[in-house]
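Peer 1: For reference, this is model.txt, and it has compact mmCIF, C-alpha atoms.
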# COMPACT_ATOMS: atom_id res chain seq x y z
CA MET Z 1 134.64 117.53 95.04
CA ILE Z 2 132.69 115.67 92.31
CA SER Z 3 134.62 114.95 89.14
CA MET Z 4 133.16 116.25 85.87
CA ASP Z 5 133.47 112.71 84.48
CA VAL Z 6 130.89 111.37 86.94
CA ARG Z 7 127.66 110.60 85.08
CA ARG Z 8 124.64 112.54 86.31
CA VAL Z 9 120.94 112.08 85.61
CA ALA Z 10 117.90 114.34 85.70
CA GLY Z 11 115.01 113.58 88.08
CA VAL Z 12 111.76 114.08 86.17
CA ARG Z 13 108.28 114.27 87.69
CA PHE Z 14 105.10 113.72 85.65
CA ASN Z 15 102.52 114.72 88.26
CA LYS Z 16 102.32 117.61 90.72
CA VAL Z 17 102.92 115.21 93.63
CA GLY Z 18 104.58 112.15 92.17
CA LYS Z 19 107.71 110.03 92.14
CA LEU Z 20 110.90 111.11 90.44
CA TYR Z 21 112.05 109.08 87.45
CA HIS Z 22 115.63 109.45 86.26
CA PHE Z 23 116.75 110.07 82.67
CA ASP Z 24 120.09 110.68 80.99
CA TYR Z 25 120.35 114.34 79.95
CA SER Z 26 123.88 114.27 78.48
CA ALA Z 27 122.48 115.18 75.03
CA TYR Z 28 121.06 118.40 76.49
CA PRO Z 29 123.57 119.66 79.10
CA GLU Z 30 121.98 123.14 79.05
CA LEU Z 31 118.80 121.90 80.78
CA LYS Z 32 118.06 123.27 84.24
CA VAL Z 33 115.68 122.61 87.12
CA GLY Z 34 112.12 123.60 86.22
CA ASP Z 35 112.43 122.88 82.50
CA PHE Z 36 109.84 120.67 80.82
CA VAL Z 37 111.09 117.77 78.70
CA ILE Z 38 109.70 115.02 76.49
CA VAL Z 39 110.69 111.44 77.42
CA GLU Z 40 109.74 107.92 76.37
CA THR Z 41 108.12 105.76 79.07
CA LEU Z 42 106.29 102.46 79.29
CA ARG Z 43 103.09 104.43 78.70
CA GLY Z 44 104.40 106.17 75.58
CA ARG Z 45 105.69 109.70 75.16
CA GLN Z 46 105.17 111.86 78.23
CA MET Z 47 105.96 115.39 79.28
CA GLY Z 48 107.62 115.87 82.63
CA GLN Z 49 109.35 118.58 84.62
CA ILE Z 50 112.96 118.40 85.80
CA MET Z 51 113.02 118.67 89.60
CA ALA Z 52 116.66 117.86 90.37
CA PHE Z 53 119.95 116.52 89.07
CA SER Z 54 121.77 113.71 90.84
CA ILE Z 55 124.36 110.96 90.60
CA PRO Z 56 122.71 107.54 90.11
CA GLU Z 57 123.09 105.19 93.08
CA GLU Z 58 123.73 102.17 90.89
CA GLU Z 59 125.32 101.59 87.52
CA ARG Z 60 122.54 100.96 85.02
CA GLU Z 61 121.33 102.35 81.75
CA HIS Z 62 118.95 105.30 81.91
CA LYS Z 63 116.71 106.26 79.01
CA PRO Z 64 117.78 109.54 77.41
CA ILE Z 65 115.65 112.66 77.37
CA MET Z 66 114.20 112.91 73.85
CA ARG Z 67 114.14 116.72 73.72
CA PRO Z 68 113.17 119.83 75.66
CA ALA Z 69 109.48 120.71 75.48
CA THR Z 70 108.54 123.49 73.07
CA PRO Z 71 105.90 126.21 73.59
CA ARG Z 72 103.65 124.22 71.23
CA ASP Z 73 104.01 121.14 73.46
CA LEU Z 74 102.93 123.17 76.50
CA VAL Z 75 99.86 124.50 74.66
CA LEU Z 76 98.95 120.96 73.55
CA LYS Z 77 99.29 119.70 77.10
CA GLN Z 78 96.87 122.33 78.39
CA HIS Z 79 94.42 121.59 75.56
CA TRP Z 80 94.27 117.86 76.28
CA GLU Z 81 94.03 118.38 80.03
CA ASP Z 82 90.89 120.44 79.34
CA GLN Z 83 89.39 117.43 77.50
CA GLN Z 84 89.88 115.02 80.42
CA ALA Z 85 86.61 115.81 82.22
CA GLU Z 86 84.60 115.14 79.04
CA ALA Z 87 86.46 111.87 78.43
CA LEU Z 88 85.64 110.71 81.97
CA VAL Z 89 81.93 111.46 81.45
CA ILE Z 90 81.95 109.41 78.22
CA CYS Z 91 83.62 106.51 80.00
CA ARG Z 92 81.13 106.55 82.88
CA GLU Z 93 78.13 106.69 80.54
CA THR Z 94 79.51 103.85 78.41
CA ALA Z 95 80.11 101.68 81.51
CA LYS Z 96 76.54 102.35 82.68
CA GLN Z 97 75.07 101.43 79.28
CA LEU Z 98 77.05 98.19 79.05
CA GLY Z 99 76.25 97.15 82.64
CA GLY Z 100 78.35 94.91 84.85
CA TYR Z 101 80.66 97.70 86.04
CA ASP Z 102 78.76 98.83 89.12
CA GLU Z 103 81.64 97.79 91.40
CA ALA Z 104 84.13 99.90 89.44
CA LYS Z 105 84.45 103.52 90.55
CA LEU Z 106 85.81 105.58 87.66
CA ILE Z 107 88.05 108.23 89.20
CA ALA Z 108 89.87 110.14 86.46
CA ALA Z 109 90.83 110.32 82.80
CA GLN Z 110 94.39 111.34 81.91
CA TYR Z 111 95.67 112.33 78.47
CA ASN Z 112 99.36 112.55 77.75
CA TYR Z 113 100.67 115.88 76.48
CA ASP Z 114 99.82 115.35 72.77
CA GLY Z 115 96.59 113.37 73.17
CA SER Z 116 98.01 110.15 71.73
CA ASN Z 117 97.41 108.21 74.95
CA LEU Z 118 94.33 108.24 77.23
CA THR Z 119 94.28 106.37 80.55
CA PHE Z 120 91.17 105.83 82.66
CA LEU Z 121 91.82 105.28 86.36
CA PHE Z 122 89.33 103.30 88.43
CA SER Z 123 89.11 101.61 91.82
CA ALA Z 124 87.37 98.39 92.83
CA GLU Z 125 87.47 95.89 95.68
CA GLN Z 126 88.27 93.05 93.28
CA LYS Z 127 89.99 92.74 89.92
CA ILE Z 128 87.62 93.63 87.06
CA ASN Z 129 87.81 92.60 83.41
CA THR Z 130 87.63 95.83 81.39
CA ALA Z 131 88.10 94.33 77.91
CA ARG Z 132 84.44 94.83 76.91
CA LEU Z 133 84.44 98.44 78.12
CA LEU Z 134 87.70 99.23 76.32
CA SER Z 135 86.38 97.75 73.11
CA GLU Z 136 83.30 99.97 73.24
CA LEU Z 137 85.33 103.08 74.15
CA ARG Z 138 87.60 102.63 71.13
CA ARG Z 139 84.58 103.27 68.91
CA LYS Z 140 83.98 106.62 70.61
CA PHE Z 141 87.51 108.02 70.46
CA ALA Z 142 89.82 108.65 67.54
CA PRO Z 143 91.53 105.44 66.29
CA GLU Z 144 95.00 106.92 66.78
CA VAL Z 145 94.38 107.40 70.52
CA GLN Z 146 95.75 104.53 72.59
CA LEU Z 147 93.31 103.68 75.41
CA GLU Z 148 94.16 102.06 78.73
CA MET Z 149 92.21 101.13 81.87
CA ARG Z 150 94.26 101.11 85.08
CA GLN Z 151 93.04 99.96 88.49
CA ILE Z 152 94.41 101.91 91.47
CA GLY Z 153 94.25 101.43 95.25
CA PRO Z 154 92.34 103.44 97.89
CA ARG Z 155 95.36 105.55 98.83
CA ASP Z 156 95.89 106.59 95.20
CA VAL Z 157 92.20 107.50 94.96
CA ALA Z 158 92.53 109.82 97.96
CA LYS Z 159 95.68 111.32 96.42
CA LEU Z 160 93.81 112.16 93.21
CA LEU Z 161 90.66 113.51 94.86
CA GLY Z 162 92.49 115.67 97.43
CA GLY Z 163 90.50 117.44 100.14
CA TYR Z 164 91.10 117.93 103.85
CA GLY Z 165 92.14 115.43 106.51
CA ALA Z 166 90.95 115.04 110.10
CA CYS Z 167 93.60 117.56 111.21
CA GLY Z 168 91.95 120.29 109.17
CA GLU Z 169 94.85 120.55 106.71
CA LEU Z 170 95.05 119.40 103.09
CA ARG Z 171 95.72 115.67 102.89
CA CYS Z 172 99.37 114.70 103.02
CA CYS Z 173 98.99 112.32 100.09
CA SER Z 174 97.80 115.10 97.77
CA THR Z 175 100.28 117.77 98.90
CA PHE Z 176 103.74 116.27 99.47
CA LEU Z 177 103.78 112.46 99.85
CA THR Z 178 105.34 110.97 96.73
CA ASP Z 179 105.30 107.40 98.04
CA PHE Z 180 103.29 105.44 100.59
CA SER Z 181 105.23 103.87 103.47
CA PRO Z 182 104.11 100.57 105.07
CA ILE Z 183 101.93 101.34 108.12
CA SER Z 184 100.83 98.92 110.85
CA ILE Z 185 98.53 98.99 113.87
CA LYS Z 186 101.66 98.62 116.02
CA MET Z 187 102.61 102.20 115.19
CA ALA Z 188 99.39 103.46 116.77
CA LYS Z 189 99.91 101.31 119.87
CA VAL Z 190 103.49 102.51 120.42
CA GLN Z 191 102.32 106.13 120.24
CA GLY Z 192 99.44 105.52 122.64
CA ILE Z 193 96.81 106.48 120.06
CA SER Z 194 93.26 105.21 120.47
CA LEU Z 195 92.63 102.14 118.32
CA ASN Z 196 89.13 103.35 117.47
CA PRO Z 197 88.87 102.99 113.65
CA SER Z 198 87.58 106.55 113.30
CA GLU Z 199 90.72 107.80 115.05
CA ILE Z 200 93.36 106.00 113.00
CA THR Z 201 91.85 105.59 109.51
CA GLY Z 202 91.79 108.20 106.80
CA MET Z 203 89.36 109.03 104.01
CA CYS Z 204 90.78 106.12 101.99
CA GLY Z 205 89.71 103.63 104.67
CA ARG Z 206 93.34 102.69 105.36
CA LEU Z 207 95.56 103.55 108.33
CA ARG Z 208 96.53 107.21 108.29
CA CYS Z 209 99.88 108.03 106.69
CA CYS Z 210 100.75 110.39 109.56
CA LEU Z 211 101.06 107.43 111.96
CA VAL Z 212 104.55 106.85 110.60
CA TYR Z 213 105.83 110.41 111.10
CA GLU Z 214 106.77 110.21 114.81
CA TYR Z 215 106.93 106.44 115.19
CA GLU Z 216 110.75 106.21 115.27
CA GLN Z 217 110.99 108.98 117.87
CA TYR Z 218 108.55 107.14 120.13
CA VAL Z 219 110.46 103.86 119.74
CA GLU Z 220 113.77 105.54 120.60
CA ALA Z 221 112.30 107.40 123.59
CA ARG Z 222 110.69 104.26 125.03
CA LYS Z 223 114.07 102.48 125.12
CA HIS Z 224 115.13 104.70 128.03
CA LEU Z 225 111.88 104.56 130.00
CA PRO Z 226 110.49 101.76 132.21
CA LYS Z 227 107.49 99.77 131.00
CA ARG Z 228 104.04 99.84 132.52
CA ASN Z 229 103.45 97.94 135.80
CA LYS Z 230 107.16 98.00 136.64
CA ARG Z 231 108.24 98.84 140.23
CA ILE Z 232 110.32 101.97 140.25
CA GLY Z 233 111.97 104.23 142.80
CA THR Z 234 111.25 107.96 142.87
CA PRO Z 235 112.06 110.93 145.15
CA HIS Z 236 108.54 110.44 146.56
CA GLY Z 237 108.95 106.73 147.31
CA VAL Z 238 108.52 103.39 145.59
CA GLY Z 239 105.66 103.12 143.13
CA LYS Z 240 104.35 101.36 140.02
CA VAL Z 241 104.49 102.77 136.51
CA ILE Z 242 100.94 103.16 135.19
CA ASP Z 243 101.61 105.26 132.07
CA VAL Z 244 104.55 106.18 129.85
CA HIS Z 245 105.04 109.58 128.16
CA PRO Z 246 107.88 109.15 125.62
CA LEU Z 247 107.93 112.68 124.22
CA GLN Z 248 107.91 114.16 127.74
CA ASP Z 249 110.70 111.76 128.78
CA ALA Z 250 108.63 110.93 131.86
CA VAL Z 251 106.26 108.35 133.37
CA THR Z 252 103.20 108.48 135.58
CA VAL Z 253 103.80 106.55 138.81
CA PHE Z 254 101.21 105.43 141.37
CA ILE Z 255 102.49 105.67 144.94
CA GLU Z 256 100.48 104.56 147.98
CA GLU Z 257 99.06 107.48 149.98
CA GLN Z 258 100.22 109.96 147.31
CA GLY Z 259 98.36 108.76 144.22
CA ARG Z 260 99.45 109.48 140.65
CA LEU Z 261 102.61 111.50 140.10
CA LEU Z 262 104.46 112.56 136.95
CA VAL Z 263 108.17 111.79 137.32
CA GLN Z 264 110.93 112.74 134.89
CA ARG Z 265 113.35 110.03 133.73
CA GLU Z 266 116.39 111.52 135.47
CA ASP Z 267 114.58 111.21 138.83
CA LEU Z 268 113.77 107.51 138.44
CA ILE Z 269 115.63 104.82 140.39
CA PRO Z 270 115.71 101.36 138.72
CA LEU Z 271 114.88 99.23 141.78
CA GLU Z 272 115.17 95.82 140.15
CA GLU Z 273 118.66 96.54 138.80
CA LEU Z 274 119.74 98.09 142.11
CA GLU Z 275 118.43 95.15 144.15
CA ALA Z 276 120.19 92.70 141.83
CA LEU Z 277 123.50 94.51 142.33
CA GLN Z 278 123.06 94.59 146.10
CA LYS Z 279 122.30 90.87 146.17
CA LYS Z 280 125.37 90.09 144.11
CA ALA Z 281 127.53 92.26 146.39
CA LYS Z 282 126.45 90.21 149.45
CA GLU Z 283 127.34 86.87 147.86
CA PRO Z 284 130.64 85.26 149.03
CA CYS Z 285 133.65 85.48 146.79
CA THR Z 286 134.17 82.27 144.81
CA LYS Z 287 137.45 83.46 143.35
CA HIS Z 288 139.62 83.13 146.44
CA GLY Z 289 139.95 80.28 148.91
CA GLU Z 290 138.53 80.26 152.41
CA GLY Z 291 140.56 82.28 154.87
CA GLU Z 292 142.77 83.85 152.19
CA ALA Z 293 143.10 87.59 151.79
CA CYS Z 294 140.55 89.00 149.37
CA ASP Z 295 140.73 92.51 147.94
CA CYS Z 296 137.67 92.24 145.66
CA GLY Z 297 135.31 93.52 148.36
CA GLN Z 298 133.39 90.24 148.85
CA LYS Z 299 133.47 87.75 151.68
CA PRO Z 300 135.90 84.81 151.27
CA GLY Z 301 134.15 81.77 149.84
CA ASN Z 302 134.79 78.05 150.03
CA ARG Z 303 138.05 76.81 148.53
CA ASN Z 304 136.16 73.91 146.94
CA GLN Z 305 134.04 76.37 144.95
CA ASP Z 306 137.19 77.55 143.20
CA LYS Z 307 137.97 74.01 142.04
CA THR Z 308 134.56 73.54 140.49
CA ARG Z 309 134.74 76.73 138.42
CA PRO Z 310 135.53 76.35 134.67
CA LYS Z 311 139.17 76.87 133.73
CA SER Z 312 138.23 79.77 131.46
CA ASP Z 313 136.76 81.60 134.48
CA SER Z 314 139.84 81.06 136.69
CA LYS Z 315 142.18 82.80 134.26
CA GLU Z 316 142.84 86.47 134.79
Using C-alpha cells, write down the structure from this file.

Peer 2:
Amino acid sequence: MISMDVRRVAGVRFNKVGKLYHFDYSAYPELKVGDFVIVETLRGRQMGQIMAFSIPEEEREHKPIMRPATPRDLVLKQHWEDQQAEALVICRETAKQLGGYDEAKLIAAQYNYDGSNLTFLFSAEQKINTARLLSELRRKFAPEVQLEMRQIGPRDVAKLLGGYGACGELRCCSTFLTDFSPISIKMAKVQGISLNPSEITGMCGRLRCCLVYEYEQYVEARKHLPKRNKRIGTPHGVGKVIDVHPLQDAVTVFIEEQGRLLVQREDLIPLEELEALQKKAKEPCTKHGEGEACDCGQKPGNRNQDKTRPKSDSKE
C-alpha cells in the first residue's frame, strides 16, 4: 500500500502522440486525468493534458504546474492552431524569396496555446543556418511573438505527416509510438525478413519501426533450435537443417531419399551432443587404478593416469 506521504507527479503530454513530461501537481491536488494544464517549459509556456499520475523513479526536482487551463485558454489554443497553416505558407514564401534554402523542407508551423511562441519545423540532410530566414520572418510577425526554427529527423517528419504504412494501417509513429527505439539490420536477419530495401524501409527512408516488435521473441525461440547446416536426428532419419522457423518451434530438415521435411523441436535428436556423450562413456576410467573395482560404469584405466591428474581433481 502506497503511503500518502510519497510524492507523486503528473505525466503531461503536449502532442496527440508524444512523450510524457512530469510535473509537480501538489499545488492542485484536485486535478485528474484528462485535465488540461499550463506549465513552463524550455520553449516557454505550454498547454498540455494530464495522462497519468505516478511516483517518480528518481529523487529530483520537478517543475510545478502553473495552473489548470481555463475555457479561455482552450479557445485561444484552437484559434492559434487555425493560424498555423497560414504561418507555414508565409515561411515557405519567405525562404523562396531569400534563396539558399532549397535543401530545407519546411514541414510544419506550431504556435503555443496563447500565440506567444511560434516554431517552424524543417528537415534537411545537413545542418542549415537559418539566422537570415529568422531575421526576415521577424519582420512579418508581431514583435511579441518569439520565433524558432527547429530541424527534425526523417522519423519525426513521418510522424507529423501521418498516412498509411506498407501493412495498410496508419503508421505506427503517428498513432501510438511516443519514442523511437534503436533498430538495426540484424533484427531483419534474425526474423528471416528479406533485406531488399523496399521490404524493410518505411516512408521515412529508415528501417521500419515494426522490425523491433517481435525481435526478442525470435531471439528467445532460436536459442532452443539448431542452426542451419547442422546435422540432426529425426524420426525419419538423420538430416541437415536447411531452414529455421522460430515462431513455429520447428526446422526444415533435408533427408536423403525423403527430401525436405518440417520437424517440430520435440522430435529432434541432437546428434553431436549424443555422439559426444557416447564417446565419453567408452573412454577408460582414469579415476581408479588398473584392476581395481570400479562402480562408475567405465572401464578401469591405467594407475599411472591417476598420478598425473591434478590434486584438485582427485578430491571427492

Peer 1: Which is closer to His62 in chain Z than all the others in Z:Glu40, Z:Glu273, Z:Glu93, Z:Glu214, using only C-alpha atoms?

Peer 2: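 Using only C-alpha atoms, His62 in chain Z sits closest to Z:Glu40.
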
Peer 1: Quick one: distance from CA of Thr130 in chain Z to CA of Met149 in chain Z in Å, one decimal?

Peer 2: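 About the pair CA of Thr130 in chain Z and CA of Met149 in chain Z: they are 7.0 Å apart.
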
Peer 1: For CA of Glu272 in chain Z and CA of Gly192 in chain Z, determine how far apart the two atoms are, in Å to one decimal place.

Peer 2: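 Between CA of Glu272 in chain Z and CA of Gly192 in chain Z the gap works out to 25.5 Å.
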
Peer 1: Which residues are near Gly162 in chain Z? Cut-off 9 Å, all atoms listed in the file, ignore same chain within fewer than 6 positions. Put them as a list in words.

Peer 2: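 Surrounding residues, per the criterion: Leu170, Arg171, Cys172, Cys173, Ser174 and Thr175 of chain Z.
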
Peer 1: Tell me which residues come within 8 Å of (110.0, 100.8, 139.3), as a VMD selection string, counting only C-alpha atoms in the file's coordinates.

Peer 2: chain Z and resid 226 229 to 233 238 to 241 268 to 272

Peer 1: Of the candidates Z:Glu266, Z:Asp243, Z:Asp102, Z:Asp179, which one gets nearest to Arg228 in chain Z if we count all atoms listed in the file?

Peer 2: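 So, comparing all the options, the nearest one is Z:Asp243.
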
Peer 1: Quick one: pull the distance between CA of Leu225 in chain Z and CA of Leu195 in chain Z, Å, one decimal.

Peer 2: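 Between CA of Leu225 in chain Z and CA of Leu195 in chain Z the gap is 22.6 Å.
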
Peer 1: Counting only C-alpha atoms, which of Z:Pro29, Z:Gly44, Z:Gly153, Z:Pro56 gets nearest to Val9 in chain Z?

Peer 2: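 Of the candidates, the smallest distance to Val9 in chain Z is held by Z:Pro56.
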
Peer 1: Start from the incomplete input, build N, CA and C atoms for range 104-137 of chain Z, and deliver everything as a PDB file, keeping the file's coordinate frame.

Peer 2:
ATOM      1  N   ALA Z 104      82.984  99.074  89.832  1.00  0.00           N
ATOM      2  CA  ALA Z 104      84.130  99.900  89.440  1.00  0.00           C
ATOM      3  C   ALA Z 104      83.787 101.376  89.608  1.00  0.00           C
ATOM      4  N   LYS Z 105      84.630 102.085  90.351  1.00  0.00           N
ATOM      5  CA  LYS Z 105      84.450 103.520  90.550  1.00  0.00           C
ATOM      6  C   LYS Z 105      85.449 104.248  89.669  1.00  0.00           C
ATOM      7  N   LEU Z 106      84.946 104.877  88.600  1.00  0.00           N
ATOM      8  CA  LEU Z 106      85.810 105.580  87.660  1.00  0.00           C
ATOM      9  C   LEU Z 106      86.226 106.918  88.267  1.00  0.00           C
ATOM     10  N   ILE Z 107      87.524 107.096  88.451  1.00  0.00           N
ATOM     11  CA  ILE Z 107      88.050 108.230  89.200  1.00  0.00           C
ATOM     12  C   ILE Z 107      88.514 109.383  88.310  1.00  0.00           C
ATOM     13  N   ALA Z 108      89.281 109.069  87.278  1.00  0.00           N
ATOM     14  CA  ALA Z 108      89.870 110.140  86.460  1.00  0.00           C
ATOM     15  C   ALA Z 108      90.225 109.632  85.079  1.00  0.00           C
ATOM     16  N   ALA Z 109      90.330 110.590  84.149  1.00  0.00           N
ATOM     17  CA  ALA Z 109      90.830 110.320  82.800  1.00  0.00           C
ATOM     18  C   ALA Z 109      92.069 111.182  82.606  1.00  0.00           C
ATOM     19  N   GLN Z 110      93.126 110.606  82.065  1.00  0.00           N
ATOM     20  CA  GLN Z 110      94.390 111.340  81.910  1.00  0.00           C
ATOM     21  C   GLN Z 110      94.928 111.178  80.491  1.00  0.00           C
ATOM     22  N   TYR Z 111      95.017 112.295  79.777  1.00  0.00           N
ATOM     23  CA  TYR Z 111      95.670 112.330  78.470  1.00  0.00           C
ATOM     24  C   TYR Z 111      97.156 112.610  78.658  1.00  0.00           C
ATOM     25  N   ASN Z 112      97.977 112.093  77.753  1.00  0.00           N
ATOM     26  CA  ASN Z 112      99.360 112.550  77.750  1.00  0.00           C
ATOM     27  C   ASN Z 112      99.413 113.892  77.018  1.00  0.00           C
ATOM     28  N   TYR Z 113     100.578 114.481  76.927  1.00  0.00           N
ATOM     29  CA  TYR Z 113     100.670 115.880  76.480  1.00  0.00           C
ATOM     30  C   TYR Z 113     100.151 116.123  75.061  1.00  0.00           C
ATOM     31  N   ASP Z 114     100.255 115.130  74.160  1.00  0.00           N
ATOM     32  CA  ASP Z 114      99.820 115.350  72.770  1.00  0.00           C
ATOM     33  C   ASP Z 114      98.533 114.616  72.416  1.00  0.00           C
ATOM     34  N   GLY Z 115      97.874 114.022  73.423  1.00  0.00           N
ATOM     35  CA  GLY Z 115      96.590 113.370  73.170  1.00  0.00           C
ATOM     36  C   GLY Z 115      96.675 112.014  72.510  1.00  0.00           C
ATOM     37  N   SER Z 116      97.874 111.454  72.391  1.00  0.00           N
ATOM     38  CA  SER Z 116      98.010 110.150  71.730  1.00  0.00           C
ATOM     39  C   SER Z 116      97.732 108.986  72.678  1.00  0.00           C
ATOM     40  N   ASN Z 117      97.669 109.262  73.970  1.00  0.00           N
ATOM     41  CA  ASN Z 117      97.410 108.210  74.950  1.00  0.00           C
ATOM     42  C   ASN Z 117      96.390 108.718  75.968  1.00  0.00           C
ATOM     43  N   LEU Z 118      95.377 107.896  76.258  1.00  0.00           N
ATOM     44  CA  LEU Z 118      94.330 108.240  77.230  1.00  0.00           C
ATOM     45  C   LEU Z 118      94.181 107.092  78.217  1.00  0.00           C
ATOM     46  N   THR Z 119      94.369 107.384  79.499  1.00  0.00           N
ATOM     47  CA  THR Z 119      94.280 106.370  80.550  1.00  0.00           C
ATOM     48  C   THR Z 119      93.121 106.687  81.477  1.00  0.00           C
ATOM     49  N   PHE Z 120      92.278 105.692  81.710  1.00  0.00           N
ATOM     50  CA  PHE Z 120      91.170 105.830  82.660  1.00  0.00           C
ATOM     51  C   PHE Z 120      91.567 105.119  83.957  1.00  0.00           C
ATOM     52  N   LEU Z 121      91.476 105.832  85.058  1.00  0.00           N
ATOM     53  CA  LEU Z 121      91.820 105.280  86.360  1.00  0.00           C
ATOM     54  C   LEU Z 121      90.538 104.927  87.110  1.00  0.00           C
ATOM     55  N   PHE Z 122      90.503 103.733  87.684  1.00  0.00           N
ATOM     56  CA  PHE Z 122      89.330 103.300  88.430  1.00  0.00           C
ATOM     57  C   PHE Z 122      89.748 102.494  89.647  1.00  0.00           C
ATOM     58  N   SER Z 123      88.853 102.405  90.616  1.00  0.00           N
ATOM     59  CA  SER Z 123      89.110 101.610  91.820  1.00  0.00           C
ATOM     60  C   SER Z 123      88.005 100.586  91.978  1.00  0.00           C
ATOM     61  N   ALA Z 124      88.335  99.464  92.583  1.00  0.00           N
ATOM     62  CA  ALA Z 124      87.370  98.390  92.830  1.00  0.00           C
ATOM     63  C   ALA Z 124      87.929  97.475  93.899  1.00  0.00           C
ATOM     64  N   GLU Z 125      87.042  96.812  94.632  1.00  0.00           N
ATOM     65  CA  GLU Z 125      87.470  95.890  95.680  1.00  0.00           C
ATOM     66  C   GLU Z 125      88.153  94.664  95.101  1.00  0.00           C
ATOM     67  N   GLN Z 126      87.706  94.231  93.933  1.00  0.00           N
ATOM     68  CA  GLN Z 126      88.270  93.050  93.280  1.00  0.00           C
ATOM     69  C   GLN Z 126      88.731  93.413  91.879  1.00  0.00           C
ATOM     70  N   LYS Z 127      89.510  92.521  91.277  1.00  0.00           N
ATOM     71  CA  LYS Z 127      89.990  92.740  89.920  1.00  0.00           C
ATOM     72  C   LYS Z 127      88.821  92.638  88.943  1.00  0.00           C
ATOM     73  N   ILE Z 128      88.746  93.572  88.004  1.00  0.00           N
ATOM     74  CA  ILE Z 128      87.620  93.630  87.060  1.00  0.00           C
ATOM     75  C   ILE Z 128      88.150  93.524  85.635  1.00  0.00           C
ATOM     76  N   ASN Z 129      87.464  92.751  84.826  1.00  0.00           N
ATOM     77  CA  ASN Z 129      87.810  92.600  83.410  1.00  0.00           C
ATOM     78  C   ASN Z 129      87.217  93.782  82.633  1.00  0.00           C
ATOM     79  N   THR Z 130      88.090  94.620  82.084  1.00  0.00           N
ATOM     80  CA  THR Z 130      87.630  95.830  81.390  1.00  0.00           C
ATOM     81  C   THR Z 130      87.713  95.713  79.870  1.00  0.00           C
ATOM     82  N   ALA Z 131      87.926  94.511  79.354  1.00  0.00           N
ATOM     83  CA  ALA Z 131      88.100  94.330  77.910  1.00  0.00           C
ATOM     84  C   ALA Z 131      86.875  94.801  77.131  1.00  0.00           C
ATOM     85  N   ARG Z 132      85.684  94.452  77.611  1.00  0.00           N
ATOM     86  CA  ARG Z 132      84.440  94.830  76.910  1.00  0.00           C
ATOM     87  C   ARG Z 132      84.257  96.349  76.903  1.00  0.00           C
ATOM     88  N   LEU Z 133      84.562  96.981  78.022  1.00  0.00           N
ATOM     89  CA  LEU Z 133      84.440  98.440  78.120  1.00  0.00           C
ATOM     90  C   LEU Z 133      85.455  99.130  77.210  1.00  0.00           C
ATOM     91  N   LEU Z 134      86.677  98.644  77.187  1.00  0.00           N
ATOM     92  CA  LEU Z 134      87.700  99.230  76.320  1.00  0.00           C
ATOM     93  C   LEU Z 134      87.325  99.113  74.852  1.00  0.00           C
ATOM     94  N   SER Z 135      86.786  97.969  74.496  1.00  0.00           N
ATOM     95  CA  SER Z 135      86.380  97.750  73.110  1.00  0.00           C
ATOM     96  C   SER Z 135      85.321  98.747  72.669  1.00  0.00           C
ATOM     97  N   GLU Z 136      84.362  99.023  73.551  1.00  0.00           N
ATOM     98  CA  GLU Z 136      83.300  99.970  73.240  1.00  0.00           C
ATOM     99  C   GLU Z 136      83.842 101.408  73.212  1.00  0.00           C
ATOM    100  N   LEU Z 137      84.773 101.727  74.106  1.00  0.00           N
ATOM    101  CA  LEU Z 137      85.330 103.080  74.150  1.00  0.00           C
ATOM    102  C   LEU Z 137      86.150 103.397  72.903  1.00  0.00           C
TER     103      LEU Z 137
END
